[in-house]
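This is coords19.cif. It holds mmCIF, C-alpha atoms.
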```
data_data
loop_
_atom_site.label_atom_id
_atom_site.label_comp_id
_atom_site.auth_asym_id
_atom_site.auth_seq_id
_atom_site.Cartn_x
_atom_site.Cartn_y
_atom_site.Cartn_z
CA MET V 1 3.18 -4.17 -29.07
CA LYS V 2 3.74 -7.92 -29.46
CA LEU V 3 5.84 -9.47 -26.72
CA VAL V 4 8.70 -11.46 -28.28
CA THR V 5 9.77 -14.59 -26.39
CA THR V 6 13.46 -15.54 -26.40
CA PRO V 7 15.48 -17.70 -23.98
CA GLN V 8 16.67 -14.51 -22.30
CA THR V 9 13.16 -13.08 -21.88
CA LYS V 10 11.97 -16.44 -20.53
CA LEU V 11 14.69 -16.28 -17.89
CA LEU V 12 13.71 -12.72 -16.94
CA ARG V 13 10.04 -13.64 -16.72
CA GLY V 14 10.94 -16.57 -14.50
CA GLN V 15 12.88 -14.23 -12.23
CA LEU V 16 9.94 -11.82 -12.21
CA PHE V 17 7.52 -14.48 -10.99
CA HIS V 18 10.11 -15.78 -8.52
CA LEU V 19 9.76 -12.33 -6.92
CA THR V 20 6.06 -11.83 -7.63
CA ASN V 21 4.78 -15.03 -6.01
CA PRO V 22 6.05 -14.39 -2.46
CA ILE V 23 5.22 -10.66 -2.75
CA PHE V 24 1.69 -11.64 -3.81
CA PHE V 25 1.19 -13.92 -0.83
CA GLU V 26 2.78 -11.40 1.54
CA THR V 27 0.51 -8.61 0.27
CA LEU V 28 -2.51 -10.91 0.40
CA LEU V 29 -1.71 -11.87 3.97
CA LEU V 30 -1.28 -8.24 5.02
CA MET V 31 -4.61 -7.37 3.40
CA LEU V 32 -6.16 -10.34 5.15
CA THR V 33 -4.91 -8.88 8.43
CA GLY V 34 -6.92 -5.70 7.78
CA ALA V 35 -9.89 -7.64 6.42
CA THR V 36 -9.82 -9.93 9.45
CA ASP V 37 -10.00 -6.90 11.75
CA VAL V 38 -13.00 -5.57 9.81
CA PHE V 39 -14.77 -8.94 9.74
CA MET V 40 -14.23 -9.65 13.43
CA LEU V 41 -15.22 -6.11 14.40
CA SER V 42 -18.37 -6.48 12.26
CA ARG V 43 -19.40 -9.25 14.69
CA PHE V 44 -18.94 -6.70 17.47
CA SER V 45 -20.44 -3.47 16.05
CA ASP V 46 -21.01 -1.68 12.71
CA ASP V 47 -20.10 1.56 14.50
CA ALA V 48 -16.73 0.07 15.44
CA VAL V 49 -16.17 -0.79 11.77
CA ALA V 50 -17.02 2.76 10.65
CA ALA V 51 -14.70 4.29 13.28
CA SER V 52 -11.84 1.94 12.40
CA GLY V 53 -12.23 2.85 8.73
CA VAL V 54 -11.76 6.56 9.43
CA VAL V 55 -8.86 5.94 11.83
CA ASN V 56 -7.03 3.70 9.38
CA GLN V 57 -7.50 6.26 6.61
CA VAL V 58 -5.83 8.93 8.79
CA VAL V 59 -3.03 6.63 9.96
CA PHE V 60 -2.25 5.41 6.46
CA LEU V 61 -2.12 8.99 5.22
CA ILE V 62 0.24 10.19 7.95
CA CYS V 63 2.39 7.07 7.67
CA LEU V 64 3.04 7.79 4.00
CA VAL V 65 5.98 9.81 5.29
CA TYR V 66 7.69 6.43 5.77
CA VAL V 67 7.21 5.63 2.09
CA ILE V 68 9.61 8.47 1.20
CA THR V 69 12.52 6.43 2.50
CA THR V 70 11.05 3.04 1.61
CA ILE V 71 10.63 3.81 -2.10
CA GLY V 72 14.11 5.30 -2.28
CA THR V 73 15.56 2.27 -0.48
CA SER V 74 13.95 -0.19 -2.89
CA VAL V 75 15.02 1.67 -6.05
CA LEU V 76 18.58 2.46 -4.95
CA CYS V 77 19.28 -0.99 -3.50
CA ALA V 78 17.97 -2.65 -6.68
CA GLN V 79 20.05 -0.45 -8.99
CA TYR V 80 23.22 -0.70 -6.86
CA LEU V 81 22.83 -4.48 -6.57
CA GLY V 82 22.39 -4.71 -10.34
CA ALA V 83 25.57 -2.65 -10.80
CA ARG V 84 27.36 -4.72 -8.09
CA GLN V 85 28.19 -1.65 -5.98
CA GLU V 86 28.18 -3.35 -2.56
CA LYS V 87 29.41 -0.40 -0.48
CA ASN V 88 26.60 1.79 -1.83
CA VAL V 89 24.08 -0.91 -0.94
CA GLN V 90 25.33 -1.05 2.66
CA GLN V 91 25.22 2.73 3.00
CA VAL V 92 21.64 2.88 1.71
CA ILE V 93 20.56 0.19 4.21
CA GLY V 94 22.05 2.06 7.16
CA VAL V 95 20.78 5.50 6.17
CA SER V 96 17.25 4.31 5.37
CA LEU V 97 16.83 2.43 8.66
CA LEU V 98 18.10 5.39 10.69
CA VAL V 99 15.87 7.92 8.93
CA ASN V 100 12.69 5.86 9.16
CA LEU V 101 13.31 5.03 12.82
CA LEU V 102 13.57 8.74 13.66
CA LEU V 103 10.53 9.58 11.55
CA GLY V 104 8.60 6.74 13.19
CA VAL V 105 9.17 8.10 16.68
CA ILE V 106 8.01 11.59 15.67
CA VAL V 107 4.94 10.41 13.73
CA SER V 108 3.85 7.95 16.42
CA ALA V 109 4.01 10.65 19.09
CA GLY V 110 1.98 13.01 16.90
CA LEU V 111 -0.74 10.45 16.13
CA TYR V 112 -1.05 9.54 19.81
CA CYS V 113 -1.09 13.11 21.17
CA PHE V 114 -3.30 14.72 18.50
CA ALA V 115 -5.79 11.90 17.96
CA PRO V 116 -8.90 13.95 18.96
CA GLN V 117 -8.00 16.84 16.66
CA LEU V 118 -7.30 14.56 13.70
CA LEU V 119 -10.59 12.70 14.09
CA HIS V 120 -12.48 16.00 14.39
CA VAL V 121 -10.90 17.17 11.12
CA MET V 122 -12.09 13.94 9.49
CA GLY V 123 -15.64 14.71 10.58
CA LEU V 124 -16.04 11.56 12.70
CA LYS V 125 -19.41 11.63 14.48
CA GLU V 126 -19.30 12.27 18.22
CA HIS V 127 -20.89 8.93 19.09
CA LEU V 128 -18.06 7.14 17.23
CA PHE V 129 -15.30 8.82 19.24
CA THR V 130 -15.66 6.15 21.94
CA TYR V 131 -14.37 3.66 19.38
CA GLY V 132 -12.05 5.90 17.37
CA LEU V 133 -9.88 7.49 20.07
CA PRO V 134 -8.48 4.39 21.80
CA TYR V 135 -8.00 2.65 18.45
CA MET V 136 -6.07 5.66 17.10
CA GLY V 137 -3.86 5.67 20.20
CA LEU V 138 -2.88 2.04 19.73
CA VAL V 139 -2.62 1.81 15.94
CA GLY V 140 -1.19 5.29 15.39
CA GLY V 141 1.03 5.25 18.47
CA SER V 142 2.73 2.03 17.37
CA SER V 143 3.38 3.19 13.81
CA VAL V 144 7.12 3.46 14.58
CA PHE V 145 7.20 -0.33 14.26
CA LEU V 146 5.47 -0.03 10.89
CA ALA V 147 8.20 2.38 9.74
CA VAL V 148 10.91 -0.18 10.47
CA ILE V 149 8.88 -3.07 8.99
CA LEU V 150 8.41 -1.24 5.68
CA THR V 151 12.11 -0.45 5.41
CA LEU V 152 13.27 -3.97 6.27
CA GLY V 153 10.80 -5.45 3.79
CA ALA V 154 12.01 -3.16 0.99
CA ILE V 155 15.64 -4.13 1.65
CA LEU V 156 14.91 -7.86 1.65
CA ARG V 157 12.84 -7.72 -1.54
CA SER V 158 15.51 -5.73 -3.38
CA HIS V 159 17.92 -8.57 -2.51
CA ASN V 160 15.51 -11.07 -4.16
CA LYS V 161 14.59 -12.44 -0.72
CA ALA V 162 10.88 -11.70 -0.92
CA TYR V 163 9.90 -15.01 0.67
CA TYR V 164 11.22 -13.91 4.08
CA PRO V 165 8.67 -11.06 4.49
CA MET V 166 6.03 -13.49 3.18
CA TRP V 167 6.65 -16.01 5.97
CA VAL V 168 6.69 -13.25 8.58
CA ALA V 169 3.37 -11.96 7.21
CA LEU V 170 1.88 -15.45 7.53
CA LEU V 171 2.96 -15.68 11.15
CA ILE V 172 1.61 -12.21 11.88
CA ASN V 173 -1.73 -13.11 10.33
CA ILE V 174 -2.05 -16.10 12.66
CA ILE V 175 -1.10 -14.04 15.71
CA ASN V 176 -3.58 -11.33 14.72
CA VAL V 177 -6.50 -13.75 14.38
CA ILE V 178 -5.72 -15.34 17.74
CA GLY V 179 -5.26 -11.96 19.40
CA ASN V 180 -8.51 -10.61 17.97
CA TYR V 181 -10.42 -13.72 19.03
CA PHE V 182 -9.38 -13.43 22.65
CA LEU V 183 -9.19 -9.64 23.01
CA ILE V 184 -12.17 -8.40 20.97
CA PHE V 185 -14.69 -10.90 22.31
CA GLY V 186 -13.19 -11.65 25.73
CA HIS V 187 -12.72 -15.41 25.46
CA ALA V 188 -10.81 -17.54 27.99
CA GLY V 189 -11.72 -15.21 30.83
CA LEU V 190 -10.15 -12.12 29.24
CA PRO V 191 -12.05 -8.80 29.23
CA ARG V 192 -14.25 -8.05 26.19
CA LEU V 193 -12.26 -5.11 24.77
CA GLY V 194 -13.86 -4.70 21.34
CA ILE V 195 -12.00 -2.26 19.09
CA VAL V 196 -9.35 -1.75 21.79
CA GLY V 197 -8.59 -5.46 21.59
CA ALA V 198 -8.09 -5.18 17.83
CA GLY V 199 -5.66 -2.31 18.42
CA ILE V 200 -3.65 -4.24 21.03
CA SER V 201 -3.44 -7.21 18.67
CA THR V 202 -2.12 -4.96 15.88
CA LEU V 203 0.55 -3.49 18.18
CA LEU V 204 1.79 -6.94 19.25
CA CYS V 205 1.92 -8.15 15.63
CA ARG V 206 4.05 -5.18 14.58
CA LEU V 207 6.49 -5.73 17.43
CA VAL V 208 6.96 -9.40 16.51
CA ALA V 209 7.47 -8.49 12.83
CA VAL V 210 10.21 -5.95 13.66
CA VAL V 211 12.17 -8.48 15.73
CA LEU V 212 11.93 -11.25 13.13
CA LEU V 213 12.72 -9.12 10.05
CA THR V 214 15.71 -7.46 11.75
CA TRP V 215 17.16 -10.84 12.68
CA ILE V 216 16.57 -12.24 9.17
CA LEU V 217 18.19 -9.29 7.40
CA PHE V 218 21.39 -9.15 9.42
CA ALA V 219 21.75 -12.86 10.20
CA LYS V 220 20.86 -14.39 6.83
CA VAL V 221 20.93 -11.81 4.02
CA SER V 222 23.28 -8.89 4.61
CA PRO V 223 25.88 -8.09 7.28
CA VAL V 224 25.42 -5.16 9.61
CA PRO V 225 26.84 -2.15 7.73
CA PRO V 226 30.29 -1.31 9.20
CA LEU V 227 30.65 2.07 10.90
CA LYS V 228 33.53 3.03 8.58
CA TYR V 229 31.00 3.35 5.72
CA PHE V 230 29.36 6.21 7.63
CA LYS V 231 32.49 8.22 8.47
CA PRO V 232 31.99 10.74 7.01
CA PHE V 233 28.20 10.41 6.81
CA PRO V 234 27.09 9.50 3.23
CA TRP V 235 24.95 12.58 2.61
CA ASP V 236 24.80 11.70 -1.09
CA LYS V 237 22.83 8.54 -0.24
CA LEU V 238 20.38 10.52 1.88
CA LYS V 239 20.02 12.99 -0.98
CA ASN V 240 19.34 10.19 -3.48
CA LEU V 241 16.83 8.59 -1.11
CA LEU V 242 14.95 11.88 -1.01
CA VAL V 243 15.29 12.50 -4.76
CA VAL V 244 13.59 9.16 -5.42
CA GLY V 245 11.40 9.01 -2.35
CA LEU V 246 9.85 12.47 -2.19
CA PRO V 247 8.15 12.45 -5.60
CA GLY V 248 7.54 8.69 -5.35
CA ALA V 249 5.85 9.04 -1.98
CA GLY V 250 4.24 12.26 -3.19
CA GLU V 251 2.28 10.28 -5.77
CA ASN V 252 1.06 7.95 -3.01
CA LEU V 253 0.43 10.90 -0.70
CA SER V 254 -1.62 12.67 -3.33
CA TYR V 255 -3.75 9.55 -3.78
CA ASP V 256 -4.30 8.92 -0.07
CA LEU V 257 -4.96 12.57 0.73
CA SER V 258 -7.48 12.61 -2.09
CA GLN V 259 -9.05 9.50 -0.54
CA VAL V 260 -9.21 11.23 2.85
CA VAL V 261 -11.19 14.10 1.31
CA ILE V 262 -13.42 11.59 -0.48
CA THR V 263 -13.93 9.79 2.85
CA TYR V 264 -15.06 13.13 4.28
CA PHE V 265 -17.59 13.44 1.44
CA THR V 266 -18.76 9.91 2.30
CA VAL V 267 -19.21 10.91 5.95
CA LEU V 268 -21.66 13.57 4.72
CA LEU V 269 -23.73 10.81 3.12
CA GLY V 270 -24.36 9.10 6.47
CA THR V 271 -23.20 6.11 8.50
CA ALA V 272 -24.60 3.54 6.04
CA ALA V 273 -22.56 4.96 3.16
CA LEU V 274 -19.44 5.21 5.34
CA THR V 275 -19.83 1.63 6.53
CA ALA V 276 -20.43 0.39 2.96
CA ARG V 277 -17.33 2.24 1.77
CA THR V 278 -15.22 0.74 4.58
CA TYR V 279 -16.36 -2.79 3.73
CA THR V 280 -15.94 -2.20 -0.01
CA MET V 281 -12.42 -0.80 0.30
CA HIS V 282 -11.34 -4.00 2.06
CA ILE V 283 -13.20 -6.27 -0.38
CA VAL V 284 -11.80 -4.71 -3.57
CA MET V 285 -8.25 -4.95 -2.22
CA PHE V 286 -8.31 -8.58 -3.30
CA SER V 287 -8.97 -7.47 -6.88
CA TYR V 288 -5.69 -5.59 -7.16
CA VAL V 289 -3.46 -7.56 -4.80
CA PHE V 290 -1.81 -9.37 -7.72
CA ALA V 291 -1.26 -6.06 -9.53
CA ILE V 292 0.55 -4.76 -6.43
CA ALA V 293 2.67 -7.91 -6.28
CA ILE V 294 3.68 -7.97 -9.93
CA GLY V 295 4.19 -4.20 -9.83
CA HIS V 296 6.69 -4.57 -6.98
CA GLY V 297 8.28 -7.55 -8.68
CA ALA V 298 8.62 -5.59 -11.92
CA SER V 299 10.06 -2.65 -9.99
CA ILE V 300 12.86 -4.74 -8.48
CA THR V 301 13.55 -6.57 -11.75
CA ILE V 302 13.60 -3.33 -13.73
CA GLY V 303 15.84 -1.72 -11.10
CA HIS V 304 18.37 -4.53 -11.49
CA LEU V 305 18.18 -4.29 -15.30
CA VAL V 306 18.55 -0.51 -15.34
CA GLY V 307 21.56 -0.85 -13.02
CA ARG V 308 23.09 -3.10 -15.69
CA ALA V 309 22.08 -0.68 -18.48
CA ARG V 310 19.71 -3.25 -20.04
CA ASN V 311 16.91 -0.86 -20.97
CA ARG V 312 15.39 -2.97 -23.75
CA ALA V 313 14.88 -5.87 -21.34
CA ALA V 314 13.37 -3.47 -18.78
CA PHE V 315 10.92 -2.18 -21.42
CA SER V 316 9.80 -5.72 -22.22
CA ILE V 317 9.31 -6.71 -18.57
CA GLU V 318 6.96 -3.76 -17.95
CA LYS V 319 4.70 -4.76 -20.86
CA TYR V 320 4.60 -8.37 -19.73
CA SER V 321 3.79 -7.35 -16.14
CA ILE V 322 0.88 -5.13 -17.17
CA ARG V 323 -0.68 -7.89 -19.27
CA TRP V 324 -0.80 -10.26 -16.29
CA ALA V 325 -1.91 -7.54 -13.87
CA LEU V 326 -4.90 -6.77 -16.11
CA ILE V 327 -5.92 -10.40 -16.58
CA ILE V 328 -5.85 -11.32 -12.88
CA SER V 329 -7.43 -8.06 -11.64
CA MET V 330 -10.32 -8.29 -14.07
CA CYS V 331 -11.09 -11.91 -13.21
CA ILE V 332 -11.14 -11.28 -9.46
CA SER V 333 -13.19 -8.06 -9.67
CA LEU V 334 -15.82 -9.79 -11.84
CA LEU V 335 -16.12 -12.67 -9.39
CA THR V 336 -16.39 -10.22 -6.49
CA ALA V 337 -19.19 -8.30 -8.20
CA LEU V 338 -21.08 -11.50 -9.09
CA PHE V 339 -21.04 -12.66 -5.47
CA GLY V 340 -21.39 -9.19 -3.97
CA ARG V 341 -24.77 -9.79 -2.32
CA GLN V 342 -23.52 -12.91 -0.58
CA ILE V 343 -20.33 -11.16 0.59
CA PHE V 344 -22.11 -8.09 1.97
CA GLY V 345 -24.92 -10.16 3.41
CA PHE V 346 -22.32 -12.04 5.40
CA LEU V 347 -20.68 -8.83 6.66
CA SER V 348 -23.68 -6.65 7.53
CA GLN V 349 -27.34 -7.00 8.48
CA ASN V 350 -28.12 -3.47 7.29
CA PRO V 351 -29.98 -3.72 3.93
CA GLU V 352 -28.86 -0.23 2.86
CA VAL V 353 -25.20 -1.15 3.40
CA VAL V 354 -25.71 -4.33 1.35
CA ARG V 355 -27.48 -2.46 -1.47
CA LEU V 356 -24.84 0.26 -1.75
CA GLY V 357 -21.96 -2.19 -1.55
CA CYS V 358 -23.33 -4.40 -4.35
CA LEU V 359 -23.81 -1.43 -6.69
CA VAL V 360 -20.30 -0.11 -6.06
CA LEU V 361 -18.70 -3.50 -6.73
CA TRP V 362 -20.02 -3.45 -10.32
CA VAL V 363 -18.59 0.03 -10.91
CA ASP V 364 -15.30 -1.18 -9.45
CA VAL V 365 -14.93 -3.78 -12.22
CA ILE V 366 -14.10 -0.94 -14.64
CA LEU V 367 -12.00 0.90 -12.05
CA GLU V 368 -9.68 -2.11 -11.65
CA ILE V 369 -8.65 -1.89 -15.33
CA GLY V 370 -7.08 1.50 -14.76
CA ARG V 371 -5.73 0.60 -11.33
CA ALA V 372 -3.85 -2.48 -12.62
CA VAL V 373 -2.08 -0.40 -15.26
CA ASN V 374 -1.34 2.45 -12.85
CA ILE V 375 0.21 0.25 -10.17
CA THR V 376 2.53 -1.51 -12.62
CA ALA V 377 3.45 1.50 -14.76
CA VAL V 378 4.17 3.82 -11.82
CA ASN V 379 6.38 1.20 -10.12
CA SER V 380 8.28 0.71 -13.38
CA LEU V 381 8.80 4.43 -14.01
CA ILE V 382 10.05 5.02 -10.47
CA ALA V 383 12.35 1.97 -10.62
CA SER V 384 13.96 3.40 -13.76
CA GLY V 385 14.60 6.75 -12.05
CA ASP V 386 11.76 8.64 -13.76
CA VAL V 387 10.25 9.81 -10.46
CA PHE V 388 8.83 13.28 -11.10
CA PHE V 389 6.39 12.52 -13.92
CA PRO V 390 4.17 10.14 -11.88
CA PHE V 391 4.04 12.67 -9.05
CA TRP V 392 2.86 15.65 -11.10
CA THR V 393 0.43 13.54 -13.10
CA GLY V 394 -1.02 12.12 -9.89
CA VAL V 395 -1.51 15.52 -8.28
CA ILE V 396 -3.27 16.99 -11.31
CA VAL V 397 -5.52 14.09 -12.24
CA MET V 398 -6.38 12.77 -8.77
CA TRP V 399 -7.52 16.15 -7.54
CA GLY V 400 -8.95 17.45 -10.79
CA VAL V 401 -10.94 14.29 -11.51
CA ALA V 402 -11.32 11.91 -8.54
CA THR V 403 -11.74 14.48 -5.75
CA LEU V 404 -13.61 17.22 -7.61
CA LEU V 405 -15.99 14.88 -9.41
CA SER V 406 -16.62 12.87 -6.23
CA TYR V 407 -18.21 15.97 -4.77
CA VAL V 408 -20.00 16.92 -7.98
CA LEU V 409 -21.42 13.45 -8.66
CA GLY V 410 -21.76 12.12 -5.12
CA ILE V 411 -22.96 15.22 -3.25
CA GLY V 412 -23.94 17.80 -5.87
CA LEU V 413 -25.96 15.53 -8.17
CA GLY V 414 -27.02 13.25 -5.33
CA TRP V 415 -25.64 10.02 -6.81
CA GLY V 416 -24.16 9.13 -3.43
CA LEU V 417 -21.52 6.45 -3.04
CA VAL V 418 -22.00 5.22 -6.62
CA GLY V 419 -21.23 8.71 -7.95
CA ILE V 420 -18.08 8.83 -5.86
CA TRP V 421 -16.94 5.48 -7.25
CA LEU V 422 -17.62 6.64 -10.82
CA ALA V 423 -15.36 9.66 -10.24
CA MET V 424 -12.56 7.43 -8.91
CA THR V 425 -12.97 5.12 -11.91
CA LEU V 426 -12.52 7.97 -14.38
CA ASP V 427 -9.40 9.10 -12.50
CA GLU V 428 -7.81 5.64 -12.69
CA LEU V 429 -8.51 5.27 -16.41
CA ILE V 430 -7.06 8.68 -17.33
CA ARG V 431 -3.87 8.13 -15.33
CA ALA V 432 -3.47 4.66 -16.82
CA ALA V 433 -3.48 6.07 -20.34
CA VAL V 434 -0.99 8.84 -19.44
CA PHE V 435 1.48 6.58 -17.61
CA GLU V 436 1.49 3.94 -20.30
CA ARG V 437 2.16 6.57 -22.95
CA ARG V 438 5.08 7.82 -20.88
CA TRP V 439 6.61 4.35 -20.67
CA ARG V 440 6.25 3.80 -24.42
CA SER V 441 8.01 7.13 -25.06
CA ARG V 442 11.17 5.71 -23.37
CA LYS V 443 11.89 9.07 -21.75
CA TRP V 444 12.77 7.17 -18.59
CA GLN V 445 16.00 5.86 -20.10
CA ASN V 446 19.36 7.21 -18.88
CA LYS V 447 17.94 8.31 -15.50
CA ALA V 448 19.67 5.60 -13.44
CA PHE V 449 21.53 6.52 -10.23
CA THR V 450 24.39 4.12 -11.03
CA HIS V 451 25.71 6.19 -13.94
#
```
Written form, structure tokens:
Amino acid sequence: MKLVTTPQTKLLRGQLFHLTNPIFFETLLLMLTGATDVFMLSRFSDDAVAASGVVNQVVFLICLVYVITTIGTSVLCAQYLGARQEKNVQQVIGVSLLVNLLLGVIVSAGLYCFAPQLLHVMGLKEHLFTYGLPYMGLVGGSSVFLAVILTLGAILRSHNKAYYPMWVALLINIINVIGNYFLIFGHAGLPRLGIVGAGISTLLCRLVAVVLLTWILFAKVSPVPPLKYFKPFPWDKLKNLLVVGLPGAGENLSYDLSQVVITYFTVLLGTAALTARTYTMHIVMFSYVFAIAIGHGASITIGHLVGRARNRAAFSIEKYSIRWALIISMCISLLTALFGRQIFGFLSQNPEVVRLGCLVLWVDVILEIGRAVNITAVNSLIASGDVFFPFWTGVIVMWGVATLLSYVLGIGLGWGLVGIWLAMTLDELIRAAVFERRWRSRKWQNKAFTH
């Protein structure tokens, strides 16, 4: 479909990139935080890198419970703001912060108390427990701060204030690098804590982010919701948060749970394959960081447009977003593959890790085509209120293709890490075709919560 340019569409595209640019830099900075941990730990120990990869996979999976409220907050705030329903916006802010704070306390306690059992389930080798357990206690135990950060960020972005989370992310990145430098390696007379130092640095960064984002939201963007808006309690807002959030987070949960199982398959291939996968997962993040940014930007823009009943404009924005997501993702993934040997040679001295990583980066070039479409299309469908289709599609295809074929190709046929990546590539391409067909069908129209 040819994208027609009019003065109105130019204005909408300008608004889209006004949102996308700070979201892009925020996402890039957050990914750099994780990549910095991996890089600095690689100077300490490859075993520490492997253990941190498994721990982060578990923590990210469990913390997807926060996404239930976060997705609902973003969609409902965007639609209510578009429809100029201020009281509804305030009620959503209050309910979402309360729910995620309570969830954060429960999840953090669980991750801290059941760390050994969770790492055993993941198949982490016994000699890696020395690294994994303390890191899980710090990173998992402080996830309550992550719950609040995600909610505050969603609220600010839905108000078109995406640059505030971006500046906080920049500050956090600086604090994290400084904290890692002193705590991992023991500079300036401090003890050499290794992976424990990385965990302490992460905890401090999250605490600073919570304080700053809370102050920004209520001092500069939106007033503290008055208590009268919650007497009686707005159960309809909680219901709508769950109606949007459960299937929306379910699609993410299905993906991450599938990745946990695939990580378990990788563990069976040995430490070299696990280390190569951990490095690769952080490297390829930079290939789809723009797709994430423009996907979130499109989600907020489409939410505002759907709230105003401007479905034709919403349709056009999705197509425009996918085109740019594909262009940028493909360029970055090609560059990454071309310089793969230099990148992996810088990260690891193990020739097997370098060899595996370089091979996988070339397969990932094709994978990023599907991923760019998926990220943008799923965000657009959810923003319109069409939340159940992405969930069921994700469950069926991720498990029937990515997970099943990862075992068949990687373990059964002995293709190893490359076989696993081929299975994930096929999964991304199939879902991309299905989601884009759904958007073109326009079955998402008339599903707004502002009707």
Counting only C-alpha atoms, which residues have an atom no more than 8 Å from (8.6, 5.5, -17.5) in the file's coordinates? Please list them as an MDAnalysis selection string. chainID V and resid 377:378 380:382 384 386 435:436 438:445
Please build the interface table for region 90-193 of chain V against region 253-265 of chain V with a cut-off of 10 Å, listing for each qualifying residue the nearest atom pair and the distance in Å to one decimal; count all atoms listed in the file, order rows by chain and increasing number, and write it as a Markdown table.
```
| residue | atom | partner | partner_atom | distance |
| --- | --- | --- | --- | --- |
| V:Val121 | CA | V:Tyr264 | CA | 9.0 |
| V:Met122 | CA | V:Tyr264 | CA | 6.1 |
| V:Gly123 | CA | V:Tyr264 | CA | 6.5 |
| V:Leu124 | CA | V:Tyr264 | CA | 8.6 |
```
| If you apply the PyMOL selection byres ((chain V and resi 43-55) around 6) to this file, what residues do you get, as number ranges by chain? | V: 40-42, 56-58, 128, 131-132, 136, 275, 278
Running the PyMOL selection byres ((chain V and resi 416-418) around 10) on this model by hand, what would come out? Give it as a PyMOL selection string. chain V and resi 262+265-266+268-270+273-274+276-277+356-364+406-415+419-424
Query - Reference answer for the PyMOL selection byres ((chain V and resi 212) around 12), as a list in words - result: Phe145, Val148, Ile149, Leu152, Gly153, Tyr164, Pro165, Met166, Trp167, Val168, Ala169, Leu171, Ile172, Cys205, Arg206, Leu207, Val208, Ala209, Val210, Val211, Leu213, Thr214, Trp215, Ile216, Leu217, Phe218, Ala219 and Lys220 of chain V
Output C-alpha atoms for every residue in that selection, as a PDB file, keeping the file's coordinate frame.
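Dumped to out.pdb:
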```pdb
ATOM      1  CA  PHE V 145       7.200  -0.330  14.260  1.00  0.00           C
ATOM      2  CA  VAL V 148      10.910  -0.180  10.470  1.00  0.00           C
ATOM      3  CA  ILE V 149       8.880  -3.070   8.990  1.00  0.00           C
ATOM      4  CA  LEU V 152      13.270  -3.970   6.270  1.00  0.00           C
ATOM      5  CA  GLY V 153      10.800  -5.450   3.790  1.00  0.00           C
ATOM      6  CA  TYR V 164      11.220 -13.910   4.080  1.00  0.00           C
ATOM      7  CA  PRO V 165       8.670 -11.060   4.490  1.00  0.00           C
ATOM      8  CA  MET V 166       6.030 -13.490   3.180  1.00  0.00           C
ATOM      9  CA  TRP V 167       6.650 -16.010   5.970  1.00  0.00           C
ATOM     10  CA  VAL V 168       6.690 -13.250   8.580  1.00  0.00           C
ATOM     11  CA  ALA V 169       3.370 -11.960   7.210  1.00  0.00           C
ATOM     12  CA  LEU V 171       2.960 -15.680  11.150  1.00  0.00           C
ATOM     13  CA  ILE V 172       1.610 -12.210  11.880  1.00  0.00           C
ATOM     14  CA  CYS V 205       1.920  -8.150  15.630  1.00  0.00           C
ATOM     15  CA  ARG V 206       4.050  -5.180  14.580  1.00  0.00           C
ATOM     16  CA  LEU V 207       6.490  -5.730  17.430  1.00  0.00           C
ATOM     17  CA  VAL V 208       6.960  -9.400  16.510  1.00  0.00           C
ATOM     18  CA  ALA V 209       7.470  -8.490  12.830  1.00  0.00           C
ATOM     19  CA  VAL V 210      10.210  -5.950  13.660  1.00  0.00           C
ATOM     20  CA  VAL V 211      12.170  -8.480  15.730  1.00  0.00           C
ATOM     21  CA  LEU V 213      12.720  -9.120  10.050  1.00  0.00           C
ATOM     22  CA  THR V 214      15.710  -7.460  11.750  1.00  0.00           C
ATOM     23  CA  TRP V 215      17.160 -10.840  12.680  1.00  0.00           C
ATOM     24  CA  ILE V 216      16.570 -12.240   9.170  1.00  0.00           C
ATOM     25  CA  LEU V 217      18.190  -9.290   7.400  1.00  0.00           C
ATOM     26  CA  PHE V 218      21.390  -9.150   9.420  1.00  0.00           C
ATOM     27  CA  ALA V 219      21.750 -12.860  10.200  1.00  0.00           C
ATOM     28  CA  LYS V 220      20.860 -14.390   6.830  1.00  0.00           C
TER      29      LYS V 220
END
```
Just the residues within 10 Å of Leu98 (chain V), please, counting only C-alpha atoms, with nothing from its chain fewer than 4 positions along; format it as a PyMOL selection string. chain V and resi 69+92-94+102-104+148+151
* To do: Counting all atoms listed in the file, write as a ChimeraX atom specification all protein and nucleic acid residues lying at most 9 Å from (-28.1, -0.8, 6.7) in the file's frame.
  => /V:271-273,275-276,348-355
With C-alpha atoms retained, could you export that selection as a compact mmCIF listing (two decimals), in the frame of the given file?
```
# COMPACT_ATOMS: atom_id res chain seq x y z
CA THR V 271 -23.20 6.11 8.50
CA ALA V 272 -24.60 3.54 6.04
CA ALA V 273 -22.56 4.96 3.16
CA THR V 275 -19.83 1.63 6.53
CA ALA V 276 -20.43 0.39 2.96
CA SER V 348 -23.68 -6.65 7.53
CA GLN V 349 -27.34 -7.00 8.48
CA ASN V 350 -28.12 -3.47 7.29
CA PRO V 351 -29.98 -3.72 3.93
CA GLU V 352 -28.86 -0.23 2.86
CA VAL V 353 -25.20 -1.15 3.40
CA VAL V 354 -25.71 -4.33 1.35
CA ARG V 355 -27.48 -2.46 -1.47
```
Margin query: Using Å and a single decimal, report how far CA of Val65 (chain V) sits from CA of Leu305 (chain V).
Written below: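 Here the two named atoms are 27.8 Å from each other.
Between CA of Tyr80 (chain V) and CA of Gly307 (chain V) the interatomic distance comes to 6.4 Å.
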- Query: Rounded to one decimal in Å, what is the spacing between CA of Gln91 (chain V) and CA of Ala298 (chain V)?
  - Reply: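 Atom-to-atom, CA of Gln91 (chain V) to CA of Ala298 (chain V), that is 23.8 Å.
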